[in-house]
Amino acid sequence: MKLHPTIEAVTHRIRERSAATRSAYLAQIKAAASRDRGADRMGCANVAHALAAMPEPDKAMAMPRYVNASALPANDKFKVVAEKAPNIAIVNAYNDMLSAHAPLAGFPSIIKDELRKHGATAQVAGGVPAMCDGVTQGTAGMELSLFSRDNIAQGTAIALSHDVFDGALMLGVCDKIVPGLLIGALHFGHLPTVFVPAGPMTSGLSNNEKAKVREQAAQGLVGRAELLAAEGKAYHGMGTCTFYGTANSNQMLLEAMGLHVPGTAFVNPDEATGGNLRELLTREAARTALQAVKSAKRIGELVDERCIVNAMVALLATGGSTNHLIHWVAVARSAGIVIDWDDFSKLSDCVPLLTRVYPNGSADVNQFQAAGGPGFVIRELLDAGFMHADVMTVSHSLREFTKIPTASNNVLTWSDAGASKDTTVVRPASEPFSATGGLKLLQGNLGRSVIKVSAVPQDRHITQAPARVFDSQEAMLAAFKAGEMEKDMIVVVRWQGPRANGMPELHKLTPPLAVLQGKGFKVALVTDGRMSGASGKVPAAIHVSPEALAGGPLAKLRDGDIVRLDGVAGTLQALVSEAEWAARPLAQMPVDLTQSNGIGMGRDLFASARRNASTAEEGACSWL
């Protein structure tokens, strides 16, 4: 199928815009790859330190007669030094506080066992932090969330900086963890690298039922016991949350980029199912990494302009997390590629919406997988000319990622996704839910922002109402509880950007706004903070850039100003005369926020990240 002209044009613009930075990046990769192997190049003491903890040999093991067994290094050491066997780094985001990451505890042992069968070795090169936004939501800890991505990237770099590895496996799943691992891996772009997920938890209380109980709690109709019981039924076991938020969007994008074992994204953890499909896929990931080393499939070369565009298309076609309009800008920049929200907007104008998964529909990711999953979506996009088919992947080709894995007698097989098993969840490109993608760029005198239109009913894509301006989400929640918001309004929550307080997600605002909308009021949210992965049915212009603290126009808004959010025309406008708007002074962040933001709960340690953060559209990077 011939590539769609818009996909071709956007890719061309990105390639031209990135020519200098991409060329410099590839030269850096080439220089790093041209060196001798680490175990041959580094000093003997360096190598000894690197291999010191590798397993001792089996004393009963038969040795060749010419080998002095008493002088023999440990078996794995011998493989690395004498046999020059590939040594694979494992970077693990395991902890057992995150349900999605708990299964990763046993993955390194599985990987090492599999690689030994093929004459190779592996070492856990490092662990990286992995925080759960669901735990920190609405707390001070959430203000560390966005910058944890850059911390994870730095942790990945520290792990790989030992420079004795021939390839790498990245073990991680959730919101900031995968982008952080990917950013870190791309800074070691000369290494062949494969990503290893753990899969979603099995379905519990439906997302719609969970949302209803949250709205009832916001109205005081149910108490804490009922709310906790509902939440416990929704989040009940190992694996990612089952809604299509940032964590599961991560997995969709990695499939579209060809960085997984094909079809791995939404296979449940074995602990949840009693099967062994996940273990077999993890072993396949080890074999894939080994083959990538032998074939010199370096991640920095795989992740080119076409690969990045494929990820953007997959995000739009599935109505994925708006967090990735921040994260994938940073990911691309790590590979010397420059993208912006205009690129997303142009792609969204032509890419069809092929899925309805909560919050864009009622299905969860397990139903999405059962209906056809990423394999179905990628096949439809390839066949309709919306994705580049001629990209390199860690497998054979991107076409491999249109297939679904199964296991029988410990043998993996892949088969075509076939027709949609449920057209209320996934549809072919010839009959999409919408002819355009799930995200929309908004521009106007309030700045640039994005809205997840796929989650919002069509009759609410345009909202015009007086502004009610808040300086924190706590102030907005207090006004709701006091009954001050029973009317049409555009709720504005400012001082929530990367420089102000680390750009926390503001999902505590969703239930009260949904309650107001359910009562028939016209409501929408405008903020320089994030709503992102779980953005719901209330219109929300998020990531407003530049942020208020950086002199953004949200600092000019006053209570009562008429604001128009137009998700059809793509505008976000304060309906104030140009002369008055130009003359208005910028409000200053309230003194109490200035004095309290960034203090306590470890936030002090991220002061330099806040000071140096680029805008949301530039990836909110603290390292550029």
# chains A, B, ... in the order shown; residues from 1 in each chain; ligands from 1
$ residues_around --residues "stretch 208-223 of chain A" --least-positions-apart "2" --cutoff "10 Å" --atoms "only C-alpha atoms" --output "ChimeraX atom specification"
/A:204-206,225-234,358-359,361-364,477,480-481,508-516,518,536
$ write_last_selection --atoms "N, CA and C atoms" --output "compact mmCIF listing (two decimals), in the first residue's frame"
# COMPACT_ATOMS: atom_id res chain seq x y z
N GLY A 204 -11.10 -6.44 36.51
CA GLY A 204 -11.85 -6.45 37.77
C GLY A 204 -13.11 -5.63 37.60
N LEU A 205 -13.40 -4.77 38.56
CA LEU A 205 -14.53 -3.86 38.42
C LEU A 205 -14.33 -3.02 37.17
N SER A 206 -15.36 -2.88 36.37
CA SER A 206 -15.22 -2.15 35.11
C SER A 206 -14.86 -0.69 35.36
N ALA A 225 -15.58 3.81 52.84
CA ALA A 225 -15.56 2.35 52.80
C ALA A 225 -16.05 1.84 51.44
N GLU A 226 -17.13 2.43 50.94
CA GLU A 226 -17.66 2.00 49.65
C GLU A 226 -16.69 2.34 48.52
N LEU A 227 -16.09 3.53 48.61
CA LEU A 227 -15.15 3.95 47.57
C LEU A 227 -13.92 3.05 47.57
N LEU A 228 -13.37 2.75 48.75
CA LEU A 228 -12.19 1.90 48.82
C LEU A 228 -12.50 0.49 48.32
N ALA A 229 -13.68 -0.01 48.61
CA ALA A 229 -14.06 -1.34 48.13
C ALA A 229 -14.10 -1.38 46.60
N ALA A 230 -14.66 -0.33 46.01
CA ALA A 230 -14.73 -0.27 44.55
C ALA A 230 -13.33 -0.17 43.94
N GLU A 231 -12.50 0.69 44.51
CA GLU A 231 -11.14 0.84 43.98
C GLU A 231 -10.36 -0.46 44.11
N GLY A 232 -10.56 -1.17 45.23
CA GLY A 232 -9.87 -2.44 45.44
C GLY A 232 -10.28 -3.51 44.46
N LYS A 233 -11.53 -3.46 44.00
CA LYS A 233 -11.98 -4.42 42.99
C LYS A 233 -11.44 -4.06 41.61
N ALA A 234 -11.21 -2.78 41.38
CA ALA A 234 -10.68 -2.34 40.09
C ALA A 234 -9.18 -2.63 39.98
N TYR A 358 -11.44 2.45 27.26
CA TYR A 358 -11.64 3.42 28.33
C TYR A 358 -10.36 4.22 28.56
N PRO A 359 -10.43 5.56 28.62
CA PRO A 359 -11.61 6.41 28.77
C PRO A 359 -12.27 6.85 27.47
N GLY A 361 -13.89 4.81 25.55
CA GLY A 361 -15.00 3.88 25.37
C GLY A 361 -15.20 3.12 26.66
N SER A 362 -15.92 2.02 26.60
CA SER A 362 -16.19 1.27 27.83
C SER A 362 -15.28 0.06 28.01
N ALA A 363 -14.62 -0.39 26.95
CA ALA A 363 -13.78 -1.58 27.02
C ALA A 363 -12.49 -1.30 27.79
N ASP A 364 -11.92 -2.37 28.37
CA ASP A 364 -10.60 -2.23 28.97
C ASP A 364 -9.56 -2.86 28.04
N LEU A 477 -11.28 22.20 44.38
CA LEU A 477 -12.05 21.18 45.10
C LEU A 477 -12.81 21.79 46.27
N PHE A 480 -15.87 23.51 44.94
CA PHE A 480 -16.90 22.53 44.57
C PHE A 480 -17.65 22.05 45.81
N LYS A 481 -16.91 21.72 46.85
CA LYS A 481 -17.54 21.23 48.07
C LYS A 481 -18.42 22.30 48.73
N LYS A 508 -7.76 14.38 40.26
CA LYS A 508 -8.72 14.59 41.34
C LYS A 508 -9.83 15.56 40.91
N LEU A 509 -9.56 16.31 39.82
CA LEU A 509 -10.57 17.26 39.33
C LEU A 509 -11.64 16.58 38.49
N THR A 510 -11.35 15.38 37.98
CA THR A 510 -12.28 14.73 37.05
C THR A 510 -13.64 14.42 37.67
N PRO A 511 -13.71 13.77 38.86
CA PRO A 511 -15.04 13.44 39.40
C PRO A 511 -15.93 14.66 39.62
N PRO A 512 -15.46 15.76 40.27
CA PRO A 512 -16.37 16.89 40.46
C PRO A 512 -16.78 17.55 39.14
N LEU A 513 -15.88 17.63 38.19
CA LEU A 513 -16.25 18.21 36.89
C LEU A 513 -17.28 17.32 36.18
N ALA A 514 -17.10 16.01 36.29
CA ALA A 514 -18.07 15.09 35.69
C ALA A 514 -19.44 15.22 36.36
N VAL A 515 -19.44 15.45 37.67
CA VAL A 515 -20.71 15.66 38.38
C VAL A 515 -21.41 16.90 37.85
N LEU A 516 -20.69 18.00 37.70
CA LEU A 516 -21.27 19.24 37.19
C LEU A 516 -21.79 19.06 35.77
N GLY A 518 -22.75 16.26 34.49
CA GLY A 518 -23.92 15.38 34.58
C GLY A 518 -25.17 16.11 35.01
N GLY A 536 -10.88 12.26 30.68
CA GLY A 536 -12.21 11.66 30.54
C GLY A 536 -13.15 12.47 29.69
$ residues_around --residues "A:Leu98" --least-positions-apart "2" --cutoff "9 Å" --atoms "only C-alpha atoms" --output "number ranges by chain"
A: 94-96, 100-102, 130-132, 135, 174, 238-240
$ residues_around --residues "A:Leu115" --least-positions-apart "3" --cutoff "9 Å" --atoms "only C-alpha atoms" --output "ChimeraX atom specification"
/A:88,110-112,118-122,283,286-287,290
$ select_by_dssp --residues "stretch 62-310 of chain A" --states "strand (DSSP E)" --output "ChimeraX atom specification"
/A:87-92,121-127,167-171,193-196
$ write_last_selection --atoms "N, CA and C atoms" --output "mmCIF file, in the first residue's frame"
data_model
loop_
_atom_site.group_PDB
_atom_site.id
_atom_site.type_symbol
_atom_site.label_atom_id
_atom_site.label_comp_id
_atom_site.auth_asym_id
_atom_site.auth_seq_id
_atom_site.Cartn_x
_atom_site.Cartn_y
_atom_site.Cartn_z
ATOM 1 N N ASN A 87 27.528 -10.146 26.114
ATOM 2 C CA ASN A 87 27.108 -9.888 27.496
ATOM 3 C C ASN A 87 26.017 -8.821 27.460
ATOM 4 N N ILE A 88 24.822 -9.176 27.911
ATOM 5 C CA ILE A 88 23.642 -8.320 27.768
ATOM 6 C C ILE A 88 23.337 -7.627 29.096
ATOM 7 N N ALA A 89 23.173 -6.318 29.044
ATOM 8 C CA ALA A 89 22.771 -5.557 30.226
ATOM 9 C C ALA A 89 21.271 -5.688 30.453
ATOM 10 N N ILE A 90 20.892 -5.863 31.701
ATOM 11 C CA ILE A 90 19.484 -5.811 32.087
ATOM 12 C C ILE A 90 19.293 -4.558 32.942
ATOM 13 N N VAL A 91 18.422 -3.669 32.517
ATOM 14 C CA VAL A 91 18.052 -2.502 33.318
ATOM 15 C C VAL A 91 16.623 -2.744 33.783
ATOM 16 N N ASN A 92 16.450 -2.836 35.088
ATOM 17 C CA ASN A 92 15.187 -3.327 35.646
ATOM 18 C C ASN A 92 14.511 -2.247 36.487
ATOM 19 N N THR A 121 25.751 -14.307 28.069
ATOM 20 C CA THR A 121 25.608 -13.959 29.479
ATOM 21 C C THR A 121 24.790 -12.683 29.625
ATOM 22 N N ALA A 122 24.344 -12.437 30.849
ATOM 23 C CA ALA A 122 23.608 -11.202 31.150
ATOM 24 C C ALA A 122 23.916 -10.773 32.570
ATOM 25 N N GLN A 123 23.867 -9.476 32.795
ATOM 26 C CA GLN A 123 24.040 -8.917 34.134
ATOM 27 C C GLN A 123 22.973 -7.854 34.358
ATOM 28 N N VAL A 124 22.444 -7.814 35.577
ATOM 29 C CA VAL A 124 21.573 -6.699 35.948
ATOM 30 C C VAL A 124 22.480 -5.492 36.148
ATOM 31 N N ALA A 125 22.488 -4.620 35.161
ATOM 32 C CA ALA A 125 23.402 -3.478 35.169
ATOM 33 C C ALA A 125 22.952 -2.401 36.131
ATOM 34 N N GLY A 126 21.649 -2.341 36.394
ATOM 35 C CA GLY A 126 21.142 -1.322 37.305
ATOM 36 C C GLY A 126 19.637 -1.402 37.435
ATOM 37 N N GLY A 127 19.163 -0.815 38.510
ATOM 38 C CA GLY A 127 17.724 -0.647 38.697
ATOM 39 C C GLY A 127 17.389 0.825 38.626
ATOM 40 N N GLY A 167 24.691 -5.471 24.328
ATOM 41 C CA GLY A 167 23.293 -5.190 24.062
ATOM 42 C C GLY A 167 22.581 -4.957 25.370
ATOM 43 N N ALA A 168 21.285 -4.698 25.309
ATOM 44 C CA ALA A 168 20.551 -4.380 26.534
ATOM 45 C C ALA A 168 19.105 -4.841 26.446
ATOM 46 N N LEU A 169 18.551 -5.156 27.601
ATOM 47 C CA LEU A 169 17.132 -5.448 27.767
ATOM 48 C C LEU A 169 16.580 -4.472 28.794
ATOM 49 N N MET A 170 15.495 -3.790 28.449
ATOM 50 C CA MET A 170 14.884 -2.795 29.323
ATOM 51 C C MET A 170 13.586 -3.369 29.893
ATOM 52 N N LEU A 171 13.541 -3.523 31.208
ATOM 53 C CA LEU A 171 12.379 -4.107 31.873
ATOM 54 C C LEU A 171 11.581 -2.990 32.549
ATOM 55 N N THR A 193 18.945 -3.057 21.568
ATOM 56 C CA THR A 193 18.143 -2.999 22.795
ATOM 57 C C THR A 193 16.729 -3.490 22.531
ATOM 58 N N VAL A 194 16.225 -4.309 23.443
ATOM 59 C CA VAL A 194 14.860 -4.835 23.352
ATOM 60 C C VAL A 194 14.138 -4.483 24.655
ATOM 61 N N PHE A 195 12.867 -4.079 24.533
ATOM 62 C CA PHE A 195 12.054 -3.750 25.707
ATOM 63 C C PHE A 195 11.194 -4.951 26.102
ATOM 64 N N VAL A 196 11.056 -5.131 27.418
ATOM 65 C CA VAL A 196 10.378 -6.310 27.948
ATOM 66 C C VAL A 196 9.273 -5.869 28.902
#
$ residues_around --residues "A:Ala540" --least-positions-apart "6" --cutoff "10 Å" --atoms "only C-alpha atoms" --output "PyMOL selection string"
chain A and resi 449-453+455-456+461+490-492+510+523-527+530-532+565+567
$ write_last_selection --atoms "C-alpha atoms" --output "PDB file, in the first residue's frame"
ATOM      1  CA  SER A 449      -2.519  23.174  24.305  1.00  0.00           C
ATOM      2  CA  VAL A 450      -3.985  19.783  23.472  1.00  0.00           C
ATOM      3  CA  ILE A 451      -7.319  18.091  24.029  1.00  0.00           C
ATOM      4  CA  LYS A 452      -8.184  14.407  23.880  1.00  0.00           C
ATOM      5  CA  VAL A 453     -11.280  14.776  21.706  1.00  0.00           C
ATOM      6  CA  ALA A 455     -12.794  10.863  25.019  1.00  0.00           C
ATOM      7  CA  VAL A 456     -15.281  13.735  24.762  1.00  0.00           C
ATOM      8  CA  HIS A 461     -16.247  19.608  21.555  1.00  0.00           C
ATOM      9  CA  ILE A 490     -14.570  27.181  32.183  1.00  0.00           C
ATOM     10  CA  VAL A 491     -12.496  26.033  35.141  1.00  0.00           C
ATOM     11  CA  VAL A 492      -8.944  27.375  34.902  1.00  0.00           C
ATOM     12  CA  THR A 510     -12.276  14.733  37.050  1.00  0.00           C
ATOM     13  CA  VAL A 523     -18.064  22.872  31.940  1.00  0.00           C
ATOM     14  CA  ALA A 524     -14.523  22.489  30.672  1.00  0.00           C
ATOM     15  CA  LEU A 525     -11.040  22.589  32.141  1.00  0.00           C
ATOM     16  CA  VAL A 526      -8.104  24.715  31.008  1.00  0.00           C
ATOM     17  CA  THR A 527      -4.746  24.144  32.709  1.00  0.00           C
ATOM     18  CA  ARG A 530      -1.640  17.502  33.014  1.00  0.00           C
ATOM     19  CA  MET A 531      -4.735  15.300  32.896  1.00  0.00           C
ATOM     20  CA  SER A 532      -3.292  13.077  30.245  1.00  0.00           C
ATOM     21  CA  LEU A 565     -12.604  26.099  23.800  1.00  0.00           C
ATOM     22  CA  GLY A 567     -12.127  21.355  19.603  1.00  0.00           C
TER      23      GLY A 567
END
$ atom_distance --atom1 "atom CA of A:Ala53" --atom2 "atom CA of A:Arg35"
25.1 Å
$ closest_residue --among "A:Ser295, A:Thr273, A:Asn323, A:Gln496" --to "A:Ala555" --atoms "only C-alpha atoms"
A:Gln496
$ atom_distance --atom1 "atom CA of A:Ser34" --atom2 "atom CA of A:Leu302"
17.5 Å
$ closest_residue --among "A:Gly336, A:Gly385, A:Pro55, A:Gly134" --to "A:His507" --atoms "only C-alpha atoms"
A:Gly134
$ select_by_dssp --residues "stretch 55-301 of chain A" --states "alpha helix (DSSP H)" --output "number ranges by chain"
A: 75-81, 107-117, 133-136, 145-160, 177-186, 207-218, 224-234, 246-257, 270-273, 277-294, 299-301
$ atom_distance --atom1 "atom CA of A:Asn409" --atom2 "atom CA of A:Gly258"
26.6 Å
$ residues_around --residues "A:His49" --least-positions-apart "5" --cutoff "12 Å" --atoms "only C-alpha atoms" --output "CSV table (one decimal) with C-alpha atoms, in the first residue's frame"
chain,number,residue,atom,x,y,z
A,39,ALA,CA,36.1,-6.7,27.9
A,42,MET,CA,39.1,-1.8,29.2
A,43,GLY,CA,41.9,-2.2,31.7
A,44,CYS,CA,42.2,-5.6,33.5
A,54,MET,CA,29.5,-13.6,37.9
A,77,LYS,CA,33.6,-14.8,33.0
A,162,HIS,CA,29.9,0.6,32.8
A,164,VAL,CA,31.0,-3.7,29.1
$ residues_around --residues "stretch 608-614 of chain A" --least-positions-apart "5" --cutoff "12 Å" --atoms "only C-alpha atoms" --output "PDB file with N, CA and C atoms, in the first residue's frame"
ATOM      1  N   GLU A 143       4.180  15.635  42.427  1.00  0.00           N
ATOM      2  CA  GLU A 143       5.006  16.695  41.858  1.00  0.00           C
ATOM      3  C   GLU A 143       6.407  16.209  41.490  1.00  0.00           C
ATOM      4  N   LEU A 144       6.746  14.964  41.858  1.00  0.00           N
ATOM      5  CA  LEU A 144       7.990  14.346  41.426  1.00  0.00           C
ATOM      6  C   LEU A 144       7.799  13.519  40.157  1.00  0.00           C
ATOM      7  N   SER A 145       6.551  13.288  39.782  1.00  0.00           N
ATOM      8  CA  SER A 145       6.230  12.287  38.767  1.00  0.00           C
ATOM      9  C   SER A 145       6.873  12.593  37.418  1.00  0.00           C
ATOM     10  N   LEU A 146       6.629  13.757  36.875  1.00  0.00           N
ATOM     11  CA  LEU A 146       7.126  14.059  35.529  1.00  0.00           C
ATOM     12  C   LEU A 146       8.649  13.980  35.478  1.00  0.00           C
ATOM     13  N   PHE A 147       9.304  14.574  36.470  1.00  0.00           N
ATOM     14  CA  PHE A 147      10.764  14.588  36.443  1.00  0.00           C
ATOM     15  C   PHE A 147      11.367  13.234  36.811  1.00  0.00           C
ATOM     16  N   SER A 148      10.548  12.319  37.322  1.00  0.00           N
ATOM     17  CA  SER A 148      11.063  10.969  37.539  1.00  0.00           C
ATOM     18  C   SER A 148      11.466  10.341  36.205  1.00  0.00           C
ATOM     19  N   ARG A 149      10.829  10.778  35.122  1.00  0.00           N
ATOM     20  CA  ARG A 149      11.205  10.289  33.784  1.00  0.00           C
ATOM     21  C   ARG A 149      12.674  10.575  33.492  1.00  0.00           C
ATOM     22  N   ASP A 150      13.093  11.818  33.752  1.00  0.00           N
ATOM     23  CA  ASP A 150      14.479  12.187  33.488  1.00  0.00           C
ATOM     24  C   ASP A 150      15.417  11.497  34.468  1.00  0.00           C
ATOM     25  N   ASN A 151      14.946  11.292  35.704  1.00  0.00           N
ATOM     26  CA  ASN A 151      15.738  10.556  36.691  1.00  0.00           C
ATOM     27  C   ASN A 151      15.938   9.110  36.241  1.00  0.00           C
ATOM     28  N   ILE A 326       4.202  15.042  25.289  1.00  0.00           N
ATOM     29  CA  ILE A 326       5.379  15.523  26.018  1.00  0.00           C
ATOM     30  C   ILE A 326       6.510  14.497  25.900  1.00  0.00           C
ATOM     31  N   VAL A 329       8.204  13.737  22.380  1.00  0.00           N
ATOM     32  CA  VAL A 329       9.056  14.847  21.952  1.00  0.00           C
ATOM     33  C   VAL A 329      10.446  14.663  22.550  1.00  0.00           C
ATOM     34  N   ALA A 330      10.498  14.298  23.845  1.00  0.00           N
ATOM     35  CA  ALA A 330      11.779  14.074  24.515  1.00  0.00           C
ATOM     36  C   ALA A 330      12.473  12.828  23.982  1.00  0.00           C
ATOM     37  N   GLN A 496       0.559  25.187  37.318  1.00  0.00           N
ATOM     38  CA  GLN A 496       0.688  23.731  37.381  1.00  0.00           C
ATOM     39  C   GLN A 496       1.681  23.194  36.352  1.00  0.00           C
ATOM     40  N   GLY A 497       2.488  24.070  35.750  1.00  0.00           N
ATOM     41  CA  GLY A 497       3.424  23.651  34.716  1.00  0.00           C
ATOM     42  C   GLY A 497       4.718  23.079  35.273  1.00  0.00           C
ATOM     43  N   PRO A 498       5.622  22.657  34.379  1.00  0.00           N
ATOM     44  CA  PRO A 498       6.879  22.032  34.830  1.00  0.00           C
ATOM     45  C   PRO A 498       7.696  22.912  35.760  1.00  0.00           C
ATOM     46  N   ARG A 499       7.765  24.220  35.475  1.00  0.00           N
ATOM     47  CA  ARG A 499       8.601  25.089  36.301  1.00  0.00           C
ATOM     48  C   ARG A 499       7.921  25.460  37.616  1.00  0.00           C
ATOM     49  N   ALA A 500       6.598  25.499  37.607  1.00  0.00           N
ATOM     50  CA  ALA A 500       5.876  25.916  38.814  1.00  0.00           C
ATOM     51  C   ALA A 500       5.941  24.857  39.906  1.00  0.00           C
ATOM     52  N   ASN A 501       5.564  23.627  39.548  1.00  0.00           N
ATOM     53  CA  ASN A 501       5.520  22.572  40.580  1.00  0.00           C
ATOM     54  C   ASN A 501       5.763  21.174  40.022  1.00  0.00           C
ATOM     55  N   GLY A 502       6.375  21.094  38.837  1.00  0.00           N
ATOM     56  CA  GLY A 502       6.673  19.778  38.283  1.00  0.00           C
ATOM     57  C   GLY A 502       5.572  19.198  37.426  1.00  0.00           C
ATOM     58  N   MET A 503       4.516  19.958  37.152  1.00  0.00           N
ATOM     59  CA  MET A 503       3.425  19.560  36.251  1.00  0.00           C
ATOM     60  C   MET A 503       2.745  18.256  36.670  1.00  0.00           C
ATOM     61  N   SER A 545       0.795  25.865  27.003  1.00  0.00           N
ATOM     62  CA  SER A 545       2.194  26.267  26.892  1.00  0.00           C
ATOM     63  C   SER A 545       2.296  27.589  26.147  1.00  0.00           C
ATOM     64  N   PRO A 546       3.088  28.564  26.620  1.00  0.00           N
ATOM     65  CA  PRO A 546       3.919  28.481  27.814  1.00  0.00           C
ATOM     66  C   PRO A 546       3.083  28.524  29.090  1.00  0.00           C
ATOM     67  N   GLU A 547       3.637  27.962  30.146  1.00  0.00           N
ATOM     68  CA  GLU A 547       2.926  27.905  31.420  1.00  0.00           C
ATOM     69  C   GLU A 547       2.853  29.289  32.056  1.00  0.00           C
ATOM     70  N   LEU A 549       3.754  30.411  34.971  1.00  0.00           N
ATOM     71  CA  LEU A 549       4.945  30.884  35.667  1.00  0.00           C
ATOM     72  C   LEU A 549       6.002  31.414  34.700  1.00  0.00           C
ATOM     73  N   ALA A 550       5.991  30.926  33.463  1.00  0.00           N
ATOM     74  CA  ALA A 550       6.964  31.358  32.457  1.00  0.00           C
ATOM     75  C   ALA A 550       6.436  32.526  31.633  1.00  0.00           C
ATOM     76  N   ASN A 597       5.643  25.572  47.280  1.00  0.00           N
ATOM     77  CA  ASN A 597       5.952  24.674  46.166  1.00  0.00           C
ATOM     78  C   ASN A 597       7.391  24.182  46.255  1.00  0.00           C
ATOM     79  N   GLY A 598       7.554  22.899  46.052  1.00  0.00           N
ATOM     80  CA  GLY A 598       8.888  22.338  46.023  1.00  0.00           C
ATOM     81  C   GLY A 598       9.517  22.108  47.380  1.00  0.00           C
ATOM     82  N   ARG A 603      10.714  17.026  47.301  1.00  0.00           N
ATOM     83  CA  ARG A 603      10.591  17.961  46.179  1.00  0.00           C
ATOM     84  C   ARG A 603      11.757  18.933  46.111  1.00  0.00           C
ATOM     85  N   GLY A 619       9.011  18.977  25.441  1.00  0.00           N
ATOM     86  CA  GLY A 619       9.268  17.730  26.142  1.00  0.00           C
ATOM     87  C   GLY A 619       9.440  17.860  27.637  1.00  0.00           C
ATOM     88  N   ALA A 620       9.295  19.086  28.187  1.00  0.00           N
ATOM     89  CA  ALA A 620       9.485  19.316  29.627  1.00  0.00           C
ATOM     90  C   ALA A 620      10.771  18.663  30.116  1.00  0.00           C
ATOM     91  N   CYS A 621      11.831  18.827  29.336  1.00  0.00           N
ATOM     92  CA  CYS A 621      13.105  18.185  29.641  1.00  0.00           C
ATOM     93  C   CYS A 621      13.914  19.036  30.607  1.00  0.00           C
ATOM     94  N   SER A 622      14.554  18.379  31.554  1.00  0.00           N
ATOM     95  CA  SER A 622      15.447  19.079  32.477  1.00  0.00           C
ATOM     96  C   SER A 622      16.900  18.939  32.048  1.00  0.00           C
ATOM     97  N   TRP A 623      17.147  18.227  30.937  1.00  0.00           N
ATOM     98  CA  TRP A 623      18.521  17.901  30.537  1.00  0.00           C
ATOM     99  C   TRP A 623      18.947  18.566  29.225  1.00  0.00           C
ATOM    100  N   LEU A 624      18.065  19.314  28.602  1.00  0.00           N
ATOM    101  CA  LEU A 624      18.451  19.953  27.333  1.00  0.00           C
ATOM    102  C   LEU A 624      19.103  21.306  27.596  1.00  0.00           C
TER     103      LEU A 624
END
$ closest_residue --among "A:Gly552, A:Gly483, A:Gly375, A:Pro352" --to "A:Asn445" --atoms "only C-alpha atoms"
A:Gly552
$ closest_residue --among "A:Gly237, A:Pro129, A:Pro428, A:Gly180" --to "A:Ala272" --atoms "only C-alpha atoms"
A:Gly237
$ decode --residues "stretch 335-346 of chain A" --atoms "N, CA and C atoms" --output "compact mmCIF listing (two decimals), in the first residue's frame"
# COMPACT_ATOMS: atom_id res chain seq x y z
N ALA A 335 17.16 10.91 20.09
CA ALA A 335 17.69 10.28 18.88
C ALA A 335 18.06 11.32 17.83
N GLY A 336 18.14 12.59 18.23
CA GLY A 336 18.50 13.65 17.29
C GLY A 336 17.37 14.06 16.37
N ILE A 337 16.13 13.75 16.75
CA ILE A 337 14.96 14.03 15.91
C ILE A 337 14.11 15.09 16.59
N VAL A 338 13.68 16.09 15.83
CA VAL A 338 12.93 17.21 16.39
C VAL A 338 11.49 17.16 15.89
N ILE A 339 10.55 16.94 16.82
CA ILE A 339 9.12 16.95 16.49
C ILE A 339 8.42 17.97 17.39
N ASP A 340 7.22 18.39 16.98
CA ASP A 340 6.44 19.32 17.81
C ASP A 340 4.96 19.01 17.66
N TRP A 341 4.14 19.80 18.34
CA TRP A 341 2.71 19.52 18.35
C TRP A 341 2.05 19.78 17.00
N ASP A 342 2.65 20.60 16.16
CA ASP A 342 2.12 20.77 14.80
C ASP A 342 2.17 19.45 14.05
N ASP A 343 3.24 18.68 14.26
CA ASP A 343 3.35 17.38 13.60
C ASP A 343 2.22 16.45 14.06
N PHE A 344 1.98 16.41 15.36
CA PHE A 344 0.88 15.59 15.87
C PHE A 344 -0.45 16.06 15.27
N SER A 345 -0.64 17.37 15.20
CA SER A 345 -1.90 17.91 14.70
C SER A 345 -2.14 17.54 13.24
N LYS A 346 -1.10 17.67 12.42
CA LYS A 346 -1.25 17.33 11.00
C LYS A 346 -1.55 15.84 10.82
